[in-house]
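Next comes upload_4.cif, with mmCIF, C-alpha atoms.
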data_start
#
loop_
_atom_site.label_atom_id
_atom_site.label_comp_id
_atom_site.auth_asym_id
_atom_site.auth_seq_id
_atom_site.Cartn_x
_atom_site.Cartn_y
_atom_site.Cartn_z
CA MET A 1321 78.28 -78.65 283.86
CA ASP A 1322 80.50 -75.96 282.42
CA PRO A 1323 83.25 -77.82 280.47
CA LYS A 1324 85.71 -75.06 281.33
CA ALA A 1325 85.05 -75.24 285.07
CA VAL A 1326 88.00 -76.32 287.22
CA TYR A 1327 87.15 -78.27 290.35
CA ALA A 1328 89.24 -78.94 293.44
CA LEU A 1329 88.77 -81.10 296.49
CA THR A 1330 87.50 -79.38 299.59
CA ALA A 1331 88.87 -80.18 303.05
CA LYS A 1332 85.93 -82.58 303.41
CA GLY A 1333 86.89 -84.24 300.12
CA ARG A 1334 90.53 -84.66 301.15
CA SER A 1335 89.44 -86.04 304.47
CA GLU A 1336 87.16 -88.54 302.69
CA LEU A 1337 90.13 -89.89 300.70
CA ASN A 1338 91.98 -90.45 303.96
CA SER A 1339 89.14 -91.81 306.05
CA ALA A 1340 89.79 -95.52 305.41
CA GLY A 1341 86.01 -95.81 305.12
CA THR A 1342 84.10 -94.09 302.35
CA SER A 1343 80.56 -94.52 301.08
CA LEU A 1344 81.31 -92.89 297.74
CA SER A 1345 80.68 -95.01 294.65
CA ALA A 1346 83.53 -96.31 292.49
CA ALA A 1347 82.73 -93.67 289.84
CA GLU A 1348 82.69 -90.86 292.38
CA LEU A 1349 85.97 -92.03 293.87
CA LYS A 1350 87.59 -92.14 290.46
CA LEU A 1351 86.51 -88.56 289.80
CA MET A 1352 87.77 -87.48 293.23
CA VAL A 1353 91.20 -88.85 292.30
CA LEU A 1354 91.13 -87.23 288.85
CA ILE A 1355 90.12 -83.82 290.20
CA ASP A 1356 93.38 -82.02 290.88
CA GLY A 1357 92.49 -78.34 290.97
CA LYS A 1358 93.99 -77.82 287.52
CA ALA A 1359 92.18 -79.93 284.93
CA THR A 1360 89.00 -78.59 283.39
CA ALA A 1361 85.73 -80.51 283.65
CA ALA A 1362 86.04 -81.38 279.96
CA ARG A 1363 89.46 -82.92 280.56
CA ILE A 1364 88.26 -84.84 283.60
CA GLU A 1365 85.39 -86.16 281.50
CA ALA A 1366 87.81 -87.30 278.80
CA GLN A 1367 89.98 -89.10 281.38
CA ALA A 1368 87.05 -90.74 283.14
CA SER A 1369 86.39 -93.35 280.44
CA PRO A 1370 84.46 -95.71 280.46
CA LEU A 1371 82.12 -93.40 282.40
CA THR A 1372 79.67 -91.66 280.06
CA PRO A 1373 79.54 -87.84 279.98
CA ALA A 1374 76.09 -88.03 281.61
CA ALA A 1375 77.45 -90.23 284.43
CA VAL A 1376 80.38 -87.84 284.98
CA ASP A 1377 78.00 -84.88 285.01
CA GLU A 1378 75.77 -86.55 287.56
CA ALA A 1379 78.66 -87.68 289.78
CA ILE A 1380 80.31 -84.24 289.76
CA GLY A 1381 76.98 -82.64 290.68
CA LYS A 1382 76.57 -85.11 293.53
CA LEU A 1383 80.12 -84.57 294.82
CA ALA A 1384 79.65 -80.80 294.69
CA ARG A 1385 76.31 -80.98 296.51
CA GLY A 1386 77.91 -83.25 299.10
CA GLY A 1387 80.64 -80.67 299.73
CA PHE A 1388 83.46 -82.97 298.58
CA ILE A 1389 84.48 -80.74 295.69
CA GLY A 1390 84.03 -77.12 294.73
CA LEU A 1391 85.13 -74.72 292.04
CA ALA A 1392 88.89 -74.31 292.40
CA SER A 1393 88.49 -70.56 292.74
CA ASP A 1394 86.25 -71.13 295.76
CA VAL A 1395 88.42 -73.72 297.47
CA SER A 1396 91.21 -72.22 299.49
CA SER A 1397 93.64 -75.16 299.10
CA GLY A 1398 93.55 -76.55 295.60
CA ALA A 1399 95.24 -79.89 295.00
CA ILE A 1400 95.60 -82.69 297.49
CA ASP A 1401 98.40 -82.20 299.97
CA ILE A 1402 100.67 -84.87 301.33
CA VAL A 1403 98.81 -86.51 304.15
CA GLY A 1404 100.24 -88.77 306.78
CA LEU A 1405 103.89 -87.91 306.27
CA THR A 1406 105.75 -85.58 308.51
CA LEU A 1407 108.74 -84.25 306.70
CA ALA A 1408 111.18 -83.87 309.52
CA ASP A 1409 113.97 -82.35 307.50
CA GLN A 1410 112.76 -80.68 304.37
CA SER A 1411 116.25 -79.68 303.38
CA MET A 1412 116.98 -83.32 302.62
CA ALA A 1413 117.87 -83.72 298.98
CA GLY A 1414 114.94 -84.73 296.83
CA ILE A 1415 112.35 -84.50 299.56
CA ASP A 1416 110.94 -81.22 298.33
CA SER A 1417 109.90 -82.78 295.06
CA LEU A 1418 107.89 -85.36 296.98
CA ARG A 1419 105.73 -82.63 298.43
CA LYS A 1420 104.60 -81.92 294.92
CA ASN A 1421 104.47 -85.47 293.63
CA GLY A 1422 103.41 -87.67 296.55
CA TYR A 1423 99.76 -88.73 296.57
CA PHE A 1424 99.07 -90.34 299.91
CA VAL A 1425 95.58 -91.71 300.51
CA LYS A 1426 93.71 -94.12 302.72
CA ILE A 1427 90.70 -95.16 300.70
CA ALA A 1428 88.40 -98.03 301.67
CA ARG A 1429 84.85 -98.39 300.44
CA HIS A 1430 82.22 -99.56 302.91
CA ALA A 1431 80.80 -102.98 302.06
CA ALA A 1432 77.27 -102.85 300.69
CA GLU A 1433 76.02 -105.02 303.54
CA GLU A 1434 76.99 -105.44 307.14
CA ARG A 1435 78.76 -108.72 307.88
CA LYS A 1436 77.70 -110.64 310.95
CA LEU A 1437 80.07 -113.30 312.16
CA ALA A 1438 78.75 -116.60 313.47
CA LYS A 1439 80.00 -117.80 316.83
CA ASP A 1440 83.65 -118.89 316.51
CA GLU A 1441 83.76 -117.73 312.88
CA LYS A 1442 87.02 -116.03 312.04
CA ILE A 1443 87.86 -113.61 309.26
CA THR A 1444 90.73 -114.72 307.03
CA VAL A 1445 92.99 -112.00 305.68
CA LEU A 1446 95.37 -112.75 302.84
CA VAL A 1447 98.37 -110.43 303.16
CA VAL A 1448 100.37 -110.22 299.94
CA GLU A 1449 103.53 -108.47 301.04
CA ASP A 1450 107.18 -109.11 300.20
CA ASP A 1451 108.62 -107.33 303.22
CA PRO A 1452 108.72 -110.17 305.78
CA GLN A 1453 108.80 -107.89 308.82
CA LEU A 1454 105.87 -105.82 307.65
CA ALA A 1455 103.97 -109.04 306.94
CA LYS A 1456 104.76 -110.29 310.46
CA LEU A 1457 103.62 -107.02 311.96
CA LEU A 1458 100.28 -107.24 310.17
CA ARG A 1459 99.79 -110.84 311.22
CA MET A 1460 100.41 -109.83 314.80
CA TYR A 1461 97.75 -107.11 314.70
CA PHE A 1462 95.20 -109.26 312.88
CA ARG A 1463 95.72 -112.00 315.46
CA MET A 1464 94.86 -109.50 318.15
CA GLU A 1465 91.61 -108.81 316.27
CA ASN A 1466 90.93 -112.57 316.25
CA MET A 1467 91.53 -112.78 312.49
CA GLU A 1468 93.45 -115.51 310.66
CA THR A 1469 96.27 -114.36 308.41
CA ARG A 1470 97.63 -116.02 305.30
CA LEU A 1471 100.89 -114.64 303.93
CA ALA A 1472 102.10 -114.67 300.34
CA SER A 1473 104.81 -112.80 298.50
CA SER A 1474 105.24 -114.40 295.08
CA ARG A 1475 103.06 -115.45 292.16
CA SER A 1476 102.94 -119.12 293.18
CA GLU A 1477 102.28 -118.34 296.86
CA ILE A 1478 99.48 -115.94 295.92
CA ALA A 1479 97.83 -118.57 293.70
CA ALA A 1480 98.10 -121.20 296.46
CA ALA A 1481 96.75 -118.85 299.13
CA LEU A 1482 93.81 -117.76 296.97
CA ASN A 1483 92.88 -121.34 296.14
CA GLN A 1484 93.14 -122.55 299.72
CA LYS A 1485 89.80 -123.19 301.47
CA PRO A 1486 88.15 -121.26 302.95
CA ALA A 1487 88.64 -118.42 300.50
CA PRO A 1488 90.07 -115.29 302.12
CA ASP A 1489 87.53 -112.72 303.27
CA VAL A 1490 89.77 -109.87 302.20
CA VAL A 1491 93.09 -109.43 300.40
CA LEU A 1492 95.71 -106.82 301.23
CA LEU A 1493 97.69 -106.53 298.03
CA ASP A 1494 101.08 -104.94 297.54
CA VAL A 1495 101.86 -103.71 294.03
CA VAL A 1496 105.60 -104.12 293.60
CA LEU A 1497 106.36 -107.81 294.16
CA PRO A 1498 109.35 -109.94 293.12
CA ASP A 1499 107.80 -111.76 290.18
CA VAL A 1500 104.36 -110.29 289.65
CA ASN A 1501 102.62 -106.94 289.70
CA GLY A 1502 99.79 -106.50 292.21
CA PHE A 1503 97.55 -104.79 289.64
CA GLU A 1504 97.87 -107.88 287.45
CA VAL A 1505 96.81 -110.09 290.37
CA LEU A 1506 93.82 -107.82 291.03
CA GLN A 1507 92.83 -107.89 287.38
CA ARG A 1508 92.96 -111.69 287.31
CA MET A 1509 90.94 -111.94 290.51
CA ARG A 1510 88.23 -109.71 289.06
CA GLN A 1511 87.99 -111.99 286.01
CA HIS A 1512 87.70 -115.13 288.12
CA ASP A 1513 84.18 -116.26 289.05
CA ALA A 1514 85.07 -117.53 292.50
CA MET A 1515 87.29 -114.58 293.43
CA LYS A 1516 85.78 -111.55 291.80
CA LYS A 1517 83.79 -110.53 294.86
CA ILE A 1518 86.58 -110.84 297.41
CA PRO A 1519 87.35 -107.32 298.68
CA VAL A 1520 90.85 -106.16 297.79
CA ILE A 1521 92.76 -103.29 299.35
CA MET A 1522 95.88 -102.21 297.51
CA CYS A 1523 98.50 -101.54 300.12
CA THR A 1524 101.52 -99.99 298.49
CA ALA A 1525 104.31 -97.45 298.60
CA ARG A 1526 103.27 -96.49 295.07
CA ALA A 1527 101.90 -93.14 296.13
CA THR A 1528 100.88 -91.67 292.80
CA ARG A 1529 97.59 -90.46 291.37
CA GLU A 1530 98.10 -92.87 288.45
CA GLY A 1531 98.61 -95.79 290.81
CA VAL A 1532 95.43 -95.04 292.75
CA LEU A 1533 93.48 -94.66 289.51
CA GLU A 1534 94.86 -97.93 288.19
CA GLY A 1535 93.83 -99.73 291.36
CA LEU A 1536 90.31 -98.31 291.33
CA GLN A 1537 90.02 -98.94 287.59
CA HIS A 1538 90.79 -102.63 288.10
CA GLY A 1539 88.19 -102.91 290.84
CA ALA A 1540 90.08 -102.43 294.12
CA ASP A 1541 87.85 -101.72 297.11
CA GLY A 1542 90.54 -99.68 298.77
CA TYR A 1543 93.93 -98.09 298.27
CA VAL A 1544 96.13 -97.41 301.28
CA THR A 1545 99.53 -95.88 300.63
CA LYS A 1546 102.55 -96.80 302.71
CA PRO A 1547 103.76 -95.97 305.21
CA PHE A 1548 100.54 -96.57 307.08
CA GLU A 1549 99.45 -96.75 310.66
CA VAL A 1550 98.28 -100.26 311.43
CA ASP A 1551 95.10 -98.96 313.09
CA VAL A 1552 94.11 -97.25 309.85
CA LEU A 1553 94.67 -100.42 307.88
CA LEU A 1554 92.59 -102.43 310.35
CA ARG A 1555 89.77 -99.93 309.99
CA ALA A 1556 90.03 -100.19 306.20
CA VAL A 1557 89.86 -104.00 306.38
CA LYS A 1558 86.78 -103.94 308.62
CA ASN A 1559 85.06 -101.40 306.38
CA VAL A 1560 85.49 -103.34 303.15
CA ILE A 1561 84.28 -106.55 304.81
CA GLY A 1562 81.31 -104.84 306.45
CA LEU A 1563 82.35 -105.40 310.04
CA PRO A 1564 81.36 -102.77 312.61
CA MET B 934 96.73 -111.32 323.10
CA THR B 935 97.05 -108.40 325.48
CA PHE B 936 98.10 -104.91 324.46
CA GLN B 937 101.12 -105.31 326.75
CA LYS B 938 102.24 -108.42 324.87
CA LEU B 939 101.50 -106.72 321.57
CA GLY B 940 103.68 -103.79 322.60
CA LYS B 941 106.53 -106.14 323.43
CA GLU B 942 106.19 -108.04 320.16
CA PHE B 943 106.08 -104.80 318.21
CA GLN B 944 109.23 -103.61 319.96
CA GLU B 945 110.97 -106.88 319.08
CA LEU B 946 109.92 -106.58 315.46
CA ARG B 947 111.08 -102.98 315.35
CA ASP B 948 114.46 -103.98 316.76
CA GLU B 949 114.70 -106.81 314.23
CA TYR B 950 113.87 -104.34 311.46
CA ARG B 951 116.56 -101.91 312.62
CA ARG B 952 119.12 -104.72 312.98
CA GLY B 953 118.50 -105.84 309.41
CA MET B 954 118.87 -102.34 307.98
CA PRO B 955 122.68 -102.20 307.60
CA GLU B 956 122.56 -105.35 305.48
CA LYS B 957 119.78 -103.87 303.33
CA LEU B 958 121.66 -100.62 302.86
CA GLU B 959 124.81 -102.51 301.99
CA ARG B 960 122.84 -104.23 299.23
CA VAL B 961 121.58 -100.83 298.09
CA GLU B 962 125.14 -99.50 297.95
CA LYS B 963 126.39 -102.53 296.01
CA LEU B 964 123.57 -102.22 293.49
CA TRP B 965 124.18 -98.51 293.17
CA ALA B 966 127.87 -99.16 292.49
CA ILE B 967 126.88 -101.42 289.59
CA VAL B 968 124.25 -99.00 288.29
CA SER B 969 126.47 -95.93 288.46
CA ALA B 970 129.32 -97.70 286.68
CA SER B 971 127.28 -98.85 283.71
CA LYS B 972 125.74 -96.91 280.84
CA SER B 973 122.50 -98.85 280.75
CA ALA B 974 121.78 -100.39 284.13
CA GLY B 975 118.87 -102.72 283.27
CA ARG B 976 118.23 -105.38 285.89
CA PRO B 977 120.44 -103.97 288.70
CA LEU B 978 118.58 -100.66 288.39
CA LEU B 979 115.24 -102.45 288.70
CA GLU B 980 116.50 -104.36 291.73
CA LEU B 981 117.81 -101.16 293.30
CA CYS B 982 114.45 -99.44 292.79
CA ARG B 983 112.70 -102.41 294.35
CA GLU B 984 114.97 -102.40 297.41
CA LEU B 985 114.38 -98.68 297.90
CA HIS B 986 110.65 -99.12 297.34
CA THR B 987 110.47 -101.74 300.08
CA VAL B 988 112.27 -99.52 302.58
CA ALA B 989 110.13 -96.53 301.55
CA GLY B 990 107.01 -98.56 302.30
CA SER B 991 107.96 -100.07 305.61
CA ALA B 992 110.35 -97.75 307.47
CA GLY B 993 107.68 -95.25 308.54
CA THR B 994 105.50 -98.01 309.99
CA PHE B 995 108.47 -99.20 312.05
CA GLY B 996 109.07 -95.75 313.48
CA LEU B 997 111.76 -94.58 311.03
CA PRO B 998 109.92 -91.98 308.93
CA GLU B 999 113.06 -90.13 307.85
CA LEU B 1000 114.55 -93.32 306.48
CA GLY B 1001 111.33 -93.99 304.57
CA GLU B 1002 111.33 -90.47 303.14
CA ALA B 1003 114.97 -90.72 302.06
CA ALA B 1004 114.29 -94.11 300.40
CA LEU B 1005 111.26 -92.69 298.61
CA ALA B 1006 113.29 -89.70 297.42
CA ALA B 1007 115.99 -92.06 296.09
CA GLU B 1008 113.43 -94.30 294.42
CA THR B 1009 111.70 -91.30 292.84
CA HIS B 1010 115.09 -90.04 291.65
CA LEU B 1011 115.81 -93.31 289.86
CA THR B 1012 112.36 -94.26 288.63
CA GLY B 1013 112.03 -94.06 284.91
CA ALA B 1014 115.76 -93.55 284.38
CA ASP B 1015 117.49 -95.87 281.88
CA SER B 1016 120.80 -94.37 282.84
CA VAL B 1017 121.93 -91.75 285.34
CA GLY B 1018 123.99 -88.69 284.36
CA ASP B 1019 126.77 -87.05 286.39
CA ALA B 1020 124.44 -84.72 288.27
CA GLY B 1021 122.11 -87.61 288.93
CA ARG B 1022 124.99 -89.70 290.29
CA GLN B 1023 126.00 -86.99 292.74
CA GLN B 1024 122.42 -86.53 293.85
CA MET B 1025 122.00 -90.28 294.33
CA SER B 1026 125.22 -90.51 296.36
CA ARG B 1027 123.89 -87.75 298.61
CA LEU B 1028 120.61 -89.62 299.01
CA ILE B 1029 122.42 -92.83 299.95
CA GLU B 1030 124.30 -90.90 302.62
CA GLU B 1031 120.95 -89.57 303.88
CA LEU B 1032 119.64 -93.14 303.97
CA LYS B 1033 122.57 -94.33 306.05
CA LYS B 1034 122.26 -91.37 308.41
CA ALA B 1035 118.52 -91.89 308.85
CA SER B 1036 119.00 -95.58 309.65
CA LEU B 1037 121.24 -94.90 312.66
CA PRO B 1038 119.72 -95.26 316.10
CA PRO B 1039 119.01 -91.92 317.80
CA SER B 1040 122.07 -90.73 319.73
#

What is this file in structure tokens?
Amino acid sequence: MDPKAVYALTAKGRSELNSAGTSLSAAELKLMVLIDGKATAARIEAQASPLTPAAVDEAIGKLARGGFIGLASDVSSGAIDIVGLTLADQSMAGIDSLRKNGYFVKIARHAAEERKLAKDEKITVLVVEDDPQLAKLLRMYFRMENMETRLASSRSEIAAALNQKPAPDVVLLDVVLPDVNGFEVLQRMRQHDAMKKIPVIMCTARATREGVLEGLQHGADGYVTKPFEVDVLLRAVKNVIGLP
Amino acid sequence: MTFQKLGKEFQELRDEYRRGMPEKLERVEKLWAIVSASKSAGRPLLELCRELHTVAGSAGTFGLPELGEAALAAETHLTGADSVGDAGRQQMSRLIEELKKASLPPS
């Protein structure tokens, strides 16, 4: 790998970050988020810690062979564009800056194994969300999919919902909450023997490259930025659980 | 649950969301009045950012994308600021007007 090379996401790469169902590894995903069409390979490598230079080299080669990234000079559109937002009135004050700064993705990694439900078995989704109407909306959709929903919006409610039996099959985790940060919850879950394998999808209006990296770094299985379409979120949930 | 029933429930939730918006925006305005009047806004600024963040995250899903965009623009404008200068105050006042406009039902 040429350390001075600058990589950018291809259309296929951008689409992969918005597919709500990716088979890329955690390391590959992290690199996909770091690759912005501006940073050199050497800089990406420096930011990709704890990945070793050899692992970065291998992952970049794999992503390039898979058509997810290419040399920036070869890729017609360089950095990731805003996806999923239609800016109705771009003359609105401040909106223009969002076009440059917003990083909207719908990432969800496929579970390693397919999940087969027993007869009458129901999936339990823990929705950590402090907007009561959004939480209600999600519960409504999950009910339609025959899934149970547990709602929580504060530190104590999250702890109670995580400790309740049966353990949730998946957690949808907001980041900005009244008395706790979602990344902190994720970090604690990943350190906890009984909870470390529960799939977690960060579901947040924090649409920044740093936010996505932080989520992936702490072991999130997905990162869906708000606003989202409920169908996309459902697909993400099914993918991380391993449901068809 | 049938899709028909789901559609009805979604409509009810959307109406509930819209009905609650004036109260939310009133809270935003009150917080902004405190923030803009003080040199170092501290907690009210954090609360204001959180209110805007919530609207930015949910409005689009409830069929109000312009409101969500305006809230995100306002949140982005304030994020990281310990205090807001004169130009920043004017910009924020404009964004609050945009928020109110975007929350109105279509005429």

Using 8 Å as the limit and counting all atoms listed in the file, can you tabulate each residue of chain B that touches chain A, with its shortest atom-to-atom distance in Å and the two atoms involved, as JSON lines?
{"residue": "B:Met934", "atom": "CA", "partner": "A:Met1464", "partner_atom": "CA", "distance": 5.6}
{"residue": "B:Thr935", "atom": "CA", "partner": "A:Met1464", "partner_atom": "CA", "distance": 7.7}
{"residue": "B:Leu939", "atom": "CA", "partner": "A:Met1460", "partner_atom": "CA", "distance": 7.5}
{"residue": "B:Phe943", "atom": "CA", "partner": "A:Leu1457", "partner_atom": "CA", "distance": 7.1}
{"residue": "B:Leu946", "atom": "CA", "partner": "A:Gln1453", "partner_atom": "CA", "distance": 6.9}
{"residue": "B:Tyr950", "atom": "CA", "partner": "A:Gln1453", "partner_atom": "CA", "distance": 6.7}
{"residue": "B:Arg983", "atom": "CA", "partner": "A:Val1496", "partner_atom": "CA", "distance": 7.3}
{"residue": "B:His986", "atom": "CA", "partner": "A:Ala1525", "partner_atom": "CA", "distance": 6.7}
{"residue": "B:Thr987", "atom": "CA", "partner": "A:Asp1451", "partner_atom": "CA", "distance": 6.7}
{"residue": "B:Ala989", "atom": "CA", "partner": "A:Ala1525", "partner_atom": "CA", "distance": 6.6}
{"residue": "B:Gly990", "atom": "CA", "partner": "A:Ala1525", "partner_atom": "CA", "distance": 4.7}
{"residue": "B:Ser991", "atom": "CA", "partner": "A:Pro1547", "partner_atom": "CA", "distance": 5.9}
{"residue": "B:Ala992", "atom": "CA", "partner": "A:Pro1547", "partner_atom": "CA", "distance": 7.2}
{"residue": "B:Gly993", "atom": "CA", "partner": "A:Pro1547", "partner_atom": "CA", "distance": 5.2}
{"residue": "B:Thr994", "atom": "CA", "partner": "A:Pro1547", "partner_atom": "CA", "distance": 5.5}
{"residue": "B:Pro998", "atom": "CA", "partner": "A:Thr1406", "partner_atom": "CA", "distance": 7.7}
{"residue": "B:Glu999", "atom": "CA", "partner": "A:Ala1408", "partner_atom": "CA", "distance": 6.7}
{"residue": "B:Gly1001", "atom": "CA", "partner": "A:Pro1547", "partner_atom": "CA", "distance": 7.9}
{"residue": "B:Glu1002", "atom": "CA", "partner": "A:Ile1415", "partner_atom": "CA", "distance": 7.0}
{"residue": "B:Ala1003", "atom": "CA", "partner": "A:Ile1415", "partner_atom": "CA", "distance": 7.2}
{"residue": "B:Ala1006", "atom": "CA", "partner": "A:Gly1414", "partner_atom": "CA", "distance": 5.3}
{"residue": "B:Ala1007", "atom": "CA", "partner": "A:Gly1414", "partner_atom": "CA", "distance": 7.4}
{"residue": "B:His1010", "atom": "CA", "partner": "A:Gly1414", "partner_atom": "CA", "distance": 7.4}
{"residue": "B:Gln1024", "atom": "CA", "partner": "A:Ala1413", "partner_atom": "CA", "distance": 7.4}
{"residue": "B:Arg1027", "atom": "CA", "partner": "A:Ala1413", "partner_atom": "CA", "distance": 7.3}
{"residue": "B:Leu1028", "atom": "CA", "partner": "A:Ala1413", "partner_atom": "CA", "distance": 6.5}
{"residue": "B:Glu1031", "atom": "CA", "partner": "A:Met1412", "partner_atom": "CA", "distance": 7.5}

Which of these, B:Lys972, B:Arg960, B:Arg951, B:Lys941, has the shortest distance to Gly1018 in chain B once you count all atoms listed in the file?
B:Lys972

Smallest atom-to-atom distance to Gly1021 in chain B: which of B:Leu1005, B:Val988, B:Val968, B:Leu1037, using all atoms listed in the file?
B:Val968

Just to confirm, what's the straight-line distance from CA of Leu1553 in chain A to CA of Ala1340 in chain A in Å (one decimal)?
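CA of Leu1553 in chain A sits 7.3 Å away from CA of Ala1340 in chain A.
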
Non-local contacts of Arg1459 in chain A (9 Å; only C-alpha atoms; under 6 positions in same chain excluded) as JSON, numbers by chain:
{"A": [1445, 1447, 1467, 1468, 1469, 1470, 1471]}

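Reported to one decimal place, the separation of CA of Asp1489 in chain A from CA of Gly1542 in chain A is 14.1 Å.
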
Set the distance at 7 Å and use only C-alpha atoms: which residues neighbour range 961-964 of chain B once local chain neighbours fewer than 2 positions away are removed? I'd like the list as an MDAnalysis selection string.
chainID B and resid 957:959 966:968 977 981 984

For the residues in the current selection, export C-alpha atoms as a compact mmCIF listing (two decimals), keeping the file's coordinate frame.
# COMPACT_ATOMS: atom_id res chain seq x y z
CA LYS B 957 119.78 -103.87 303.33
CA LEU B 958 121.66 -100.62 302.86
CA GLU B 959 124.81 -102.51 301.99
CA ALA B 966 127.87 -99.16 292.49
CA ILE B 967 126.88 -101.42 289.59
CA VAL B 968 124.25 -99.00 288.29
CA PRO B 977 120.44 -103.97 288.70
CA LEU B 981 117.81 -101.16 293.30
CA GLU B 984 114.97 -102.40 297.41

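CA of Ile1355 in chain A to CA of Val1326 in chain A spans 8.3 Å [interatomic distance, one decimal].
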
Give as a ChimeraX atom specification the residues that the PyMOL selection byres ((chain A and resi 1380) around 12) matches when applied to the coordinates above.
/A:1321-1323,1325-1329,1344-1345,1347-1352,1354-1355,1361-1362,1364-1365,1368,1371,1373-1379,1381-1391

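Matched in the shown structure by the PyMOL selection byres ((chain A and resi 1337) around 6): Arg1334, Ser1335, Glu1336, Asn1338, Ser1339, Val1425, Lys1426 and Ile1427 of chain A.
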
Option closest in space to Glu956 in chain B, from B:Ser1036, B:Ala1020, B:Met1025, B:Phe995 [counting all atoms listed in the file]
B:Ser1036

Specify as a PDB file with C-alpha atoms, in the frame of the given file each residue included when the PyMOL selection byres ((chain A and resi 1564) around 10) is applied to this file.
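Dumped to expr.pdb:
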ATOM      1  CA  GLU A1434      76.990-105.440 307.140  1.00  0.00           C
ATOM      2  CA  ARG A1435      78.760-108.720 307.880  1.00  0.00           C
ATOM      3  CA  LYS A1436      77.700-110.640 310.950  1.00  0.00           C
ATOM      4  CA  ARG A1555      89.770 -99.930 309.990  1.00  0.00           C
ATOM      5  CA  LYS A1558      86.780-103.940 308.620  1.00  0.00           C
ATOM      6  CA  ASN A1559      85.060-101.400 306.380  1.00  0.00           C
ATOM      7  CA  ILE A1561      84.280-106.550 304.810  1.00  0.00           C
ATOM      8  CA  GLY A1562      81.310-104.840 306.450  1.00  0.00           C
ATOM      9  CA  LEU A1563      82.350-105.400 310.040  1.00  0.00           C
TER      10      LEU A1563
END
